[in-house]
$ cat final02.cif   # mmCIF, N, CA, C and O atoms
data_upload
loop_
_atom_site.label_atom_id
_atom_site.label_comp_id
_atom_site.auth_asym_id
_atom_site.auth_seq_id
_atom_site.Cartn_x
_atom_site.Cartn_y
_atom_site.Cartn_z
N MET A 1 79.73 58.25 56.77
CA MET A 1 81.11 58.54 57.07
C MET A 1 81.31 58.53 58.57
O MET A 1 81.06 57.56 59.22
N GLY A 2 81.74 59.67 59.12
CA GLY A 2 81.97 59.69 60.56
C GLY A 2 81.12 60.76 61.21
O GLY A 2 80.77 61.76 60.60
N ASP A 3 80.78 60.52 62.44
CA ASP A 3 80.02 61.51 63.18
C ASP A 3 80.97 62.51 63.81
O ASP A 3 82.05 62.15 64.30
N THR A 4 80.58 63.76 63.81
CA THR A 4 81.41 64.79 64.44
C THR A 4 80.81 65.13 65.80
O THR A 4 79.60 65.14 65.97
N VAL A 5 81.67 65.36 66.74
CA VAL A 5 81.23 65.70 68.09
C VAL A 5 81.53 67.17 68.33
O VAL A 5 82.65 67.63 68.07
N ASN A 6 80.56 67.90 68.81
CA ASN A 6 80.75 69.33 69.07
C ASN A 6 81.19 69.49 70.53
O ASN A 6 80.40 69.33 71.44
N ASN A 7 82.48 69.77 70.72
CA ASN A 7 83.04 69.93 72.06
C ASN A 7 83.20 71.40 72.43
O ASN A 7 83.90 71.72 73.37
N GLU A 8 82.58 72.29 71.69
CA GLU A 8 82.77 73.73 71.92
C GLU A 8 82.30 74.14 73.31
O GLU A 8 82.96 74.91 74.00
N GLY A 9 81.15 73.65 73.75
CA GLY A 9 80.64 74.00 75.08
C GLY A 9 81.54 73.50 76.19
O GLY A 9 81.78 74.19 77.18
N VAL A 10 82.10 72.31 76.03
CA VAL A 10 83.00 71.74 77.03
C VAL A 10 84.30 72.54 77.08
O VAL A 10 84.83 72.81 78.15
N GLN A 11 84.80 72.94 75.92
CA GLN A 11 86.05 73.69 75.88
C GLN A 11 85.88 75.05 76.54
O GLN A 11 86.78 75.50 77.25
N LYS A 12 84.76 75.71 76.33
CA LYS A 12 84.54 77.02 76.94
C LYS A 12 84.46 76.89 78.46
O LYS A 12 85.04 77.69 79.19
N LYS A 13 83.76 75.87 78.94
CA LYS A 13 83.65 75.68 80.39
C LYS A 13 85.00 75.41 81.02
O LYS A 13 85.33 75.97 82.06
N SER A 14 85.80 74.56 80.39
CA SER A 14 87.11 74.25 80.95
C SER A 14 88.04 75.47 80.87
O SER A 14 88.87 75.68 81.75
N PHE A 15 87.87 76.25 79.82
CA PHE A 15 88.69 77.47 79.71
C PHE A 15 88.39 78.42 80.85
O PHE A 15 89.29 78.94 81.50
N PHE A 16 87.10 78.64 81.12
CA PHE A 16 86.74 79.57 82.19
C PHE A 16 87.08 79.01 83.56
O PHE A 16 87.42 79.76 84.47
N LYS A 17 87.01 77.69 83.73
CA LYS A 17 87.43 77.09 85.00
C LYS A 17 88.93 77.32 85.21
O LYS A 17 89.37 77.66 86.30
N GLY A 18 89.69 77.12 84.15
CA GLY A 18 91.14 77.35 84.23
C GLY A 18 91.46 78.81 84.47
O GLY A 18 92.36 79.14 85.25
N LEU A 19 90.71 79.68 83.83
CA LEU A 19 90.91 81.12 84.00
C LEU A 19 90.63 81.53 85.44
O LEU A 19 91.38 82.29 86.05
N LYS A 20 89.55 80.99 85.99
CA LYS A 20 89.18 81.30 87.37
C LYS A 20 90.24 80.77 88.34
O LYS A 20 90.61 81.46 89.30
N ALA A 21 90.76 79.59 88.08
CA ALA A 21 91.80 79.02 88.94
C ALA A 21 93.07 79.85 88.89
O ALA A 21 93.70 80.10 89.93
N GLU A 22 93.44 80.31 87.71
CA GLU A 22 94.64 81.14 87.59
C GLU A 22 94.43 82.51 88.23
O GLU A 22 95.34 83.09 88.81
N PHE A 23 93.24 83.04 88.12
CA PHE A 23 92.93 84.35 88.69
C PHE A 23 93.03 84.31 90.21
O PHE A 23 93.41 85.29 90.85
N LYS A 24 92.70 83.16 90.81
CA LYS A 24 92.79 83.02 92.26
C LYS A 24 94.24 82.99 92.75
O LYS A 24 94.51 83.26 93.91
N LYS A 25 95.17 82.66 91.86
CA LYS A 25 96.59 82.59 92.23
C LYS A 25 97.25 83.97 92.31
O LYS A 25 98.34 84.10 92.83
N ILE A 26 96.60 84.99 91.78
CA ILE A 26 97.17 86.33 91.76
C ILE A 26 97.26 86.86 93.18
O ILE A 26 96.31 86.80 93.95
N VAL A 27 98.42 87.40 93.51
CA VAL A 27 98.62 88.04 94.82
C VAL A 27 98.57 89.54 94.59
O VAL A 27 99.46 90.12 93.99
N TRP A 28 97.50 90.15 95.06
CA TRP A 28 97.31 91.58 94.86
C TRP A 28 98.07 92.35 95.94
O TRP A 28 98.00 92.01 97.11
N PRO A 29 98.80 93.41 95.56
CA PRO A 29 99.53 94.20 96.56
C PRO A 29 98.57 95.03 97.41
O PRO A 29 97.48 95.39 96.96
N ASP A 30 99.02 95.34 98.63
CA ASP A 30 98.18 96.17 99.50
C ASP A 30 98.32 97.63 99.11
O ASP A 30 99.15 98.01 98.28
N ARG A 31 97.50 98.46 99.71
CA ARG A 31 97.44 99.88 99.36
C ARG A 31 98.78 100.58 99.61
O ARG A 31 99.21 101.43 98.84
N GLN A 32 99.46 100.23 100.70
CA GLN A 32 100.72 100.87 101.05
C GLN A 32 101.80 100.58 99.99
O GLN A 32 102.54 101.47 99.58
N THR A 33 101.85 99.35 99.53
CA THR A 33 102.84 98.99 98.50
C THR A 33 102.56 99.72 97.20
O THR A 33 103.48 100.24 96.56
N VAL A 34 101.30 99.78 96.80
CA VAL A 34 100.94 100.47 95.56
C VAL A 34 101.27 101.95 95.67
O VAL A 34 101.79 102.55 94.72
N THR A 35 101.01 102.55 96.83
CA THR A 35 101.32 103.97 97.03
C THR A 35 102.81 104.22 96.93
O THR A 35 103.25 105.16 96.25
N LYS A 36 103.61 103.38 97.58
CA LYS A 36 105.06 103.55 97.53
C LYS A 36 105.59 103.41 96.11
O LYS A 36 106.44 104.20 95.66
N GLN A 37 105.10 102.42 95.38
CA GLN A 37 105.57 102.21 94.01
C GLN A 37 105.12 103.35 93.09
O GLN A 37 105.88 103.76 92.20
N THR A 38 103.94 103.88 93.32
CA THR A 38 103.45 105.00 92.51
C THR A 38 104.31 106.24 92.74
O THR A 38 104.69 106.93 91.79
N VAL A 39 104.62 106.52 93.99
CA VAL A 39 105.47 107.67 94.32
C VAL A 39 106.86 107.49 93.70
O VAL A 39 107.43 108.44 93.15
N ALA A 40 107.39 106.27 93.76
CA ALA A 40 108.71 106.02 93.18
C ALA A 40 108.70 106.24 91.67
O ALA A 40 109.62 106.86 91.11
N VAL A 41 107.67 105.77 91.00
CA VAL A 41 107.58 105.94 89.54
C VAL A 41 107.46 107.42 89.19
O VAL A 41 108.12 107.90 88.25
N LEU A 42 106.63 108.15 89.92
CA LEU A 42 106.48 109.58 89.65
C LEU A 42 107.79 110.33 89.89
O LEU A 42 108.17 111.20 89.10
N ALA A 43 108.50 110.01 90.98
CA ALA A 43 109.76 110.69 91.29
C ALA A 43 110.80 110.42 90.21
O ALA A 43 111.49 111.35 89.75
N VAL A 44 110.93 109.18 89.79
CA VAL A 44 111.91 108.85 88.76
C VAL A 44 111.53 109.51 87.43
O VAL A 44 112.40 110.02 86.71
N SER A 45 110.25 109.54 87.10
CA SER A 45 109.80 110.17 85.85
C SER A 45 110.10 111.66 85.85
O SER A 45 110.58 112.21 84.85
N ILE A 46 109.85 112.33 86.96
CA ILE A 46 110.13 113.76 87.06
C ILE A 46 111.63 114.02 86.99
O ILE A 46 112.09 114.93 86.30
N ALA A 47 112.42 113.19 87.69
CA ALA A 47 113.88 113.36 87.67
C ALA A 47 114.43 113.18 86.26
O ALA A 47 115.26 113.98 85.80
N LEU A 48 113.98 112.15 85.57
CA LEU A 48 114.46 111.93 84.20
C LEU A 48 114.00 113.05 83.26
O LEU A 48 114.75 113.45 82.37
N GLY A 49 112.79 113.54 83.47
CA GLY A 49 112.32 114.67 82.67
C GLY A 49 113.19 115.90 82.86
O GLY A 49 113.52 116.60 81.89
N LEU A 50 113.57 116.17 84.10
CA LEU A 50 114.44 117.31 84.38
C LEU A 50 115.83 117.13 83.77
O LEU A 50 116.40 118.06 83.20
N ILE A 51 116.36 115.91 83.89
CA ILE A 51 117.69 115.64 83.31
C ILE A 51 117.65 115.83 81.79
O ILE A 51 118.54 116.45 81.20
N ILE A 52 116.61 115.33 81.14
CA ILE A 52 116.50 115.48 79.69
C ILE A 52 116.33 116.94 79.31
O ILE A 52 116.92 117.42 78.33
N ALA A 53 115.54 117.69 80.08
CA ALA A 53 115.35 119.12 79.79
C ALA A 53 116.66 119.88 79.94
O ALA A 53 116.98 120.75 79.11
N ILE A 54 117.43 119.58 80.98
CA ILE A 54 118.71 120.27 81.19
C ILE A 54 119.69 119.93 80.07
O ILE A 54 120.37 120.82 79.54
N LEU A 55 119.75 118.65 79.69
CA LEU A 55 120.62 118.27 78.58
C LEU A 55 120.19 118.94 77.28
O LEU A 55 121.04 119.38 76.49
N ASP A 56 118.90 119.06 77.07
CA ASP A 56 118.39 119.73 75.88
C ASP A 56 118.81 121.20 75.86
O ASP A 56 119.24 121.72 74.82
N LEU A 57 118.70 121.87 77.01
CA LEU A 57 119.11 123.27 77.08
C LEU A 57 120.61 123.43 76.82
O LEU A 57 121.04 124.35 76.12
N ILE A 58 121.41 122.53 77.38
CA ILE A 58 122.87 122.60 77.19
C ILE A 58 123.21 122.38 75.72
O ILE A 58 124.03 123.12 75.14
N ILE A 59 122.60 121.38 75.10
CA ILE A 59 122.89 121.10 73.70
C ILE A 59 122.43 122.25 72.81
O ILE A 59 123.13 122.66 71.88
N THR A 60 121.24 122.78 73.11
CA THR A 60 120.74 123.93 72.33
C THR A 60 121.65 125.14 72.46
O THR A 60 121.97 125.80 71.47
N PHE A 61 122.10 125.42 73.69
CA PHE A 61 123.01 126.54 73.91
C PHE A 61 124.33 126.31 73.19
O PHE A 61 124.88 127.22 72.56
N GLY A 62 124.83 125.08 73.25
CA GLY A 62 126.10 124.74 72.59
C GLY A 62 126.00 124.90 71.08
O GLY A 62 126.92 125.44 70.45
N LEU A 63 124.92 124.43 70.49
CA LEU A 63 124.77 124.55 69.05
C LEU A 63 124.59 126.00 68.61
O LEU A 63 125.14 126.42 67.59
N SER A 64 123.84 126.78 69.39
CA SER A 64 123.67 128.18 69.02
C SER A 64 124.98 128.96 69.20
O SER A 64 125.25 129.90 68.47
N PHE A 65 125.82 128.55 70.14
CA PHE A 65 127.10 129.19 70.34
C PHE A 65 128.03 128.87 69.17
O PHE A 65 128.77 129.74 68.70
N ILE A 66 127.99 127.63 68.70
CA ILE A 66 128.86 127.22 67.60
C ILE A 66 128.41 127.86 66.29
O ILE A 66 129.22 128.33 65.50
N LEU A 67 127.11 127.89 66.07
CA LEU A 67 126.62 128.42 64.80
C LEU A 67 126.48 129.92 64.93
O LEU A 67 126.61 130.72 64.11
#

$ encode --input "final02.cif" --output "structure tokens"
Amino acid sequence: MGDTVNNEGVQKKSFFKGLKAEFKKIVWPDRQTVTKQTVAVLAVSIALGLIIAILDLIITFGLSFIL
């Protein structure tokens, strides 16, 4: 019939070459940028947590007042 060719080794090599090439394209942020973004995320998370807690207290107080 026909002969089969095993290209598995070639495919793995080309995959890792492509992966390495794409990995080199990544632009990693410097420490100052990461620090600023981390502080911003923490500040927004704390602010939203406080807003949700205050709204929860208001709604709880309102429902207990009505009932």

$ atom_distance --input "final02.cif" --atom1 "atom C of Ile54 in chain A" --atom2 "atom C of Thr38 in chain A"
24.2 Å

$ select_by_dssp --input "final02.cif" --residues "chain A" --states "helix (DSSP H, G or I)" --output "mmCIF file with N, CA, C and O atoms, in the coordinates of the input"
data_model
loop_
_atom_site.group_PDB
_atom_site.id
_atom_site.type_symbol
_atom_site.label_atom_id
_atom_site.label_comp_id
_atom_site.auth_asym_id
_atom_site.auth_seq_id
_atom_site.Cartn_x
_atom_site.Cartn_y
_atom_site.Cartn_z
ATOM 1 N N GLU A 8 82.580 72.290 71.690
ATOM 2 C CA GLU A 8 82.770 73.730 71.920
ATOM 3 C C GLU A 8 82.300 74.140 73.310
ATOM 4 O O GLU A 8 82.960 74.910 74.000
ATOM 5 N N GLY A 9 81.150 73.650 73.750
ATOM 6 C CA GLY A 9 80.640 74.000 75.080
ATOM 7 C C GLY A 9 81.540 73.500 76.190
ATOM 8 O O GLY A 9 81.780 74.190 77.180
ATOM 9 N N VAL A 10 82.100 72.310 76.030
ATOM 10 C CA VAL A 10 83.000 71.740 77.030
ATOM 11 C C VAL A 10 84.300 72.540 77.080
ATOM 12 O O VAL A 10 84.830 72.810 78.150
ATOM 13 N N GLN A 11 84.800 72.940 75.920
ATOM 14 C CA GLN A 11 86.050 73.690 75.880
ATOM 15 C C GLN A 11 85.880 75.050 76.540
ATOM 16 O O GLN A 11 86.780 75.500 77.250
ATOM 17 N N LYS A 12 84.760 75.710 76.330
ATOM 18 C CA LYS A 12 84.540 77.020 76.940
ATOM 19 C C LYS A 12 84.460 76.890 78.460
ATOM 20 O O LYS A 12 85.040 77.690 79.190
ATOM 21 N N LYS A 13 83.760 75.870 78.940
ATOM 22 C CA LYS A 13 83.650 75.680 80.390
ATOM 23 C C LYS A 13 85.000 75.410 81.020
ATOM 24 O O LYS A 13 85.330 75.970 82.060
ATOM 25 N N SER A 14 85.800 74.560 80.390
ATOM 26 C CA SER A 14 87.110 74.250 80.950
ATOM 27 C C SER A 14 88.040 75.470 80.870
ATOM 28 O O SER A 14 88.870 75.680 81.750
ATOM 29 N N PHE A 15 87.870 76.250 79.820
ATOM 30 C CA PHE A 15 88.690 77.470 79.710
ATOM 31 C C PHE A 15 88.390 78.420 80.850
ATOM 32 O O PHE A 15 89.290 78.940 81.500
ATOM 33 N N PHE A 16 87.100 78.640 81.120
ATOM 34 C CA PHE A 16 86.740 79.570 82.190
ATOM 35 C C PHE A 16 87.080 79.010 83.560
ATOM 36 O O PHE A 16 87.420 79.760 84.470
ATOM 37 N N LYS A 17 87.010 77.690 83.730
ATOM 38 C CA LYS A 17 87.430 77.090 85.000
ATOM 39 C C LYS A 17 88.930 77.320 85.210
ATOM 40 O O LYS A 17 89.370 77.660 86.300
ATOM 41 N N GLY A 18 89.690 77.120 84.150
ATOM 42 C CA GLY A 18 91.140 77.350 84.230
ATOM 43 C C GLY A 18 91.460 78.810 84.470
ATOM 44 O O GLY A 18 92.360 79.140 85.250
ATOM 45 N N LEU A 19 90.710 79.680 83.830
ATOM 46 C CA LEU A 19 90.910 81.120 84.000
ATOM 47 C C LEU A 19 90.630 81.530 85.440
ATOM 48 O O LEU A 19 91.380 82.290 86.050
ATOM 49 N N LYS A 20 89.550 80.990 85.990
ATOM 50 C CA LYS A 20 89.180 81.300 87.370
ATOM 51 C C LYS A 20 90.240 80.770 88.340
ATOM 52 O O LYS A 20 90.610 81.460 89.300
ATOM 53 N N ALA A 21 90.760 79.590 88.080
ATOM 54 C CA ALA A 21 91.800 79.020 88.940
ATOM 55 C C ALA A 21 93.070 79.850 88.890
ATOM 56 O O ALA A 21 93.700 80.100 89.930
ATOM 57 N N GLU A 22 93.440 80.310 87.710
ATOM 58 C CA GLU A 22 94.640 81.140 87.590
ATOM 59 C C GLU A 22 94.430 82.510 88.230
ATOM 60 O O GLU A 22 95.340 83.090 88.810
ATOM 61 N N PHE A 23 93.240 83.040 88.120
ATOM 62 C CA PHE A 23 92.930 84.350 88.690
ATOM 63 C C PHE A 23 93.030 84.310 90.210
ATOM 64 O O PHE A 23 93.410 85.290 90.850
ATOM 65 N N LYS A 24 92.700 83.160 90.810
ATOM 66 C CA LYS A 24 92.790 83.020 92.260
ATOM 67 C C LYS A 24 94.240 82.990 92.750
ATOM 68 O O LYS A 24 94.510 83.260 93.910
ATOM 69 N N ARG A 31 97.500 98.460 99.710
ATOM 70 C CA ARG A 31 97.440 99.880 99.360
ATOM 71 C C ARG A 31 98.780 100.580 99.610
ATOM 72 O O ARG A 31 99.210 101.430 98.840
ATOM 73 N N GLN A 32 99.460 100.230 100.700
ATOM 74 C CA GLN A 32 100.720 100.870 101.050
ATOM 75 C C GLN A 32 101.800 100.580 99.990
ATOM 76 O O GLN A 32 102.540 101.470 99.580
ATOM 77 N N THR A 33 101.850 99.350 99.530
ATOM 78 C CA THR A 33 102.840 98.990 98.500
ATOM 79 C C THR A 33 102.560 99.720 97.200
ATOM 80 O O THR A 33 103.480 100.240 96.560
ATOM 81 N N VAL A 34 101.300 99.780 96.800
ATOM 82 C CA VAL A 34 100.940 100.470 95.560
ATOM 83 C C VAL A 34 101.270 101.950 95.670
ATOM 84 O O VAL A 34 101.790 102.550 94.720
ATOM 85 N N THR A 35 101.010 102.550 96.830
ATOM 86 C CA THR A 35 101.320 103.970 97.030
ATOM 87 C C THR A 35 102.810 104.220 96.930
ATOM 88 O O THR A 35 103.250 105.160 96.250
ATOM 89 N N LYS A 36 103.610 103.380 97.580
ATOM 90 C CA LYS A 36 105.060 103.550 97.530
ATOM 91 C C LYS A 36 105.590 103.410 96.110
ATOM 92 O O LYS A 36 106.440 104.200 95.660
ATOM 93 N N GLN A 37 105.100 102.420 95.380
ATOM 94 C CA GLN A 37 105.570 102.210 94.010
ATOM 95 C C GLN A 37 105.120 103.350 93.090
ATOM 96 O O GLN A 37 105.880 103.760 92.200
ATOM 97 N N THR A 38 103.940 103.880 93.320
ATOM 98 C CA THR A 38 103.450 105.000 92.510
ATOM 99 C C THR A 38 104.310 106.240 92.740
ATOM 100 O O THR A 38 104.690 106.930 91.790
ATOM 101 N N VAL A 39 104.620 106.520 93.990
ATOM 102 C CA VAL A 39 105.470 107.670 94.320
ATOM 103 C C VAL A 39 106.860 107.490 93.700
ATOM 104 O O VAL A 39 107.430 108.440 93.150
ATOM 105 N N ALA A 40 107.390 106.270 93.760
ATOM 106 C CA ALA A 40 108.710 106.020 93.180
ATOM 107 C C ALA A 40 108.700 106.240 91.670
ATOM 108 O O ALA A 40 109.620 106.860 91.110
ATOM 109 N N VAL A 41 107.670 105.770 91.000
ATOM 110 C CA VAL A 41 107.580 105.940 89.540
ATOM 111 C C VAL A 41 107.460 107.420 89.190
ATOM 112 O O VAL A 41 108.120 107.900 88.250
ATOM 113 N N LEU A 42 106.630 108.150 89.920
ATOM 114 C CA LEU A 42 106.480 109.580 89.650
ATOM 115 C C LEU A 42 107.790 110.330 89.890
ATOM 116 O O LEU A 42 108.170 111.200 89.100
ATOM 117 N N ALA A 43 108.500 110.010 90.980
ATOM 118 C CA ALA A 43 109.760 110.690 91.290
ATOM 119 C C ALA A 43 110.800 110.420 90.210
ATOM 120 O O ALA A 43 111.490 111.350 89.750
ATOM 121 N N VAL A 44 110.930 109.180 89.790
ATOM 122 C CA VAL A 44 111.910 108.850 88.760
ATOM 123 C C VAL A 44 111.530 109.510 87.430
ATOM 124 O O VAL A 44 112.400 110.020 86.710
ATOM 125 N N SER A 45 110.250 109.540 87.100
ATOM 126 C CA SER A 45 109.800 110.170 85.850
ATOM 127 C C SER A 45 110.100 111.660 85.850
ATOM 128 O O SER A 45 110.580 112.210 84.850
ATOM 129 N N ILE A 46 109.850 112.330 86.960
ATOM 130 C CA ILE A 46 110.130 113.760 87.060
ATOM 131 C C ILE A 46 111.630 114.020 86.990
ATOM 132 O O ILE A 46 112.090 114.930 86.300
ATOM 133 N N ALA A 47 112.420 113.190 87.690
ATOM 134 C CA ALA A 47 113.880 113.360 87.670
ATOM 135 C C ALA A 47 114.430 113.180 86.260
ATOM 136 O O ALA A 47 115.260 113.980 85.800
ATOM 137 N N LEU A 48 113.980 112.150 85.570
ATOM 138 C CA LEU A 48 114.460 111.930 84.200
ATOM 139 C C LEU A 48 114.000 113.050 83.260
ATOM 140 O O LEU A 48 114.750 113.450 82.370
ATOM 141 N N GLY A 49 112.790 113.540 83.470
ATOM 142 C CA GLY A 49 112.320 114.670 82.670
ATOM 143 C C GLY A 49 113.190 115.900 82.860
ATOM 144 O O GLY A 49 113.520 116.600 81.890
ATOM 145 N N LEU A 50 113.570 116.170 84.100
ATOM 146 C CA LEU A 50 114.440 117.310 84.380
ATOM 147 C C LEU A 50 115.830 117.130 83.770
ATOM 148 O O LEU A 50 116.400 118.060 83.200
ATOM 149 N N ILE A 51 116.360 115.910 83.890
ATOM 150 C CA ILE A 51 117.690 115.640 83.310
ATOM 151 C C ILE A 51 117.650 115.830 81.790
ATOM 152 O O ILE A 51 118.540 116.450 81.200
ATOM 153 N N ILE A 52 116.610 115.330 81.140
ATOM 154 C CA ILE A 52 116.500 115.480 79.690
ATOM 155 C C ILE A 52 116.330 116.940 79.310
ATOM 156 O O ILE A 52 116.920 117.420 78.330
ATOM 157 N N ALA A 53 115.540 117.690 80.080
ATOM 158 C CA ALA A 53 115.350 119.120 79.790
ATOM 159 C C ALA A 53 116.660 119.880 79.940
ATOM 160 O O ALA A 53 116.980 120.750 79.110
ATOM 161 N N ILE A 54 117.430 119.580 80.980
ATOM 162 C CA ILE A 54 118.710 120.270 81.190
ATOM 163 C C ILE A 54 119.690 119.930 80.070
ATOM 164 O O ILE A 54 120.370 120.820 79.540
ATOM 165 N N LEU A 55 119.750 118.650 79.690
ATOM 166 C CA LEU A 55 120.620 118.270 78.580
ATOM 167 C C LEU A 55 120.190 118.940 77.280
ATOM 168 O O LEU A 55 121.040 119.380 76.490
ATOM 169 N N ASP A 56 118.900 119.060 77.070
ATOM 170 C CA ASP A 56 118.390 119.730 75.880
ATOM 171 C C ASP A 56 118.810 121.200 75.860
ATOM 172 O O ASP A 56 119.240 121.720 74.820
ATOM 173 N N LEU A 57 118.700 121.870 77.010
ATOM 174 C CA LEU A 57 119.110 123.270 77.080
ATOM 175 C C LEU A 57 120.610 123.430 76.820
ATOM 176 O O LEU A 57 121.040 124.350 76.120
ATOM 177 N N ILE A 58 121.410 122.530 77.380
ATOM 178 C CA ILE A 58 122.870 122.600 77.190
ATOM 179 C C ILE A 58 123.210 122.380 75.720
ATOM 180 O O ILE A 58 124.030 123.120 75.140
ATOM 181 N N ILE A 59 122.600 121.380 75.100
ATOM 182 C CA ILE A 59 122.890 121.100 73.700
ATOM 183 C C ILE A 59 122.430 122.250 72.810
ATOM 184 O O ILE A 59 123.130 122.660 71.880
ATOM 185 N N THR A 60 121.240 122.780 73.110
ATOM 186 C CA THR A 60 120.740 123.930 72.330
ATOM 187 C C THR A 60 121.650 125.140 72.460
ATOM 188 O O THR A 60 121.970 125.800 71.470
ATOM 189 N N PHE A 61 122.100 125.420 73.690
ATOM 190 C CA PHE A 61 123.010 126.540 73.910
ATOM 191 C C PHE A 61 124.330 126.310 73.190
ATOM 192 O O PHE A 61 124.880 127.220 72.560
ATOM 193 N N GLY A 62 124.830 125.080 73.250
ATOM 194 C CA GLY A 62 126.100 124.740 72.590
ATOM 195 C C GLY A 62 126.000 124.900 71.080
ATOM 196 O O GLY A 62 126.920 125.440 70.450
ATOM 197 N N LEU A 63 124.920 124.430 70.490
ATOM 198 C CA LEU A 63 124.770 124.550 69.050
ATOM 199 C C LEU A 63 124.590 126.000 68.610
ATOM 200 O O LEU A 63 125.140 126.420 67.590
ATOM 201 N N SER A 64 123.840 126.780 69.390
ATOM 202 C CA SER A 64 123.670 128.180 69.020
ATOM 203 C C SER A 64 124.980 128.960 69.200
ATOM 204 O O SER A 64 125.250 129.900 68.470
ATOM 205 N N PHE A 65 125.820 128.550 70.140
ATOM 206 C CA PHE A 65 127.100 129.190 70.340
ATOM 207 C C PHE A 65 128.030 128.870 69.170
ATOM 208 O O PHE A 65 128.770 129.740 68.700
ATOM 209 N N ILE A 66 127.990 127.630 68.700
ATOM 210 C CA ILE A 66 128.860 127.220 67.600
ATOM 211 C C ILE A 66 128.410 127.860 66.290
ATOM 212 O O ILE A 66 129.220 128.330 65.500
#

$ atom_distance --input "final02.cif" --atom1 "CA of Gln37 in chain A" --atom2 "CA of Ile51 in chain A"
21.0 Å

$ atom_distance --input "final02.cif" --atom1 "atom O of Lys25 in chain A" --atom2 "atom C of Leu42 in chain A"
28.0 Å
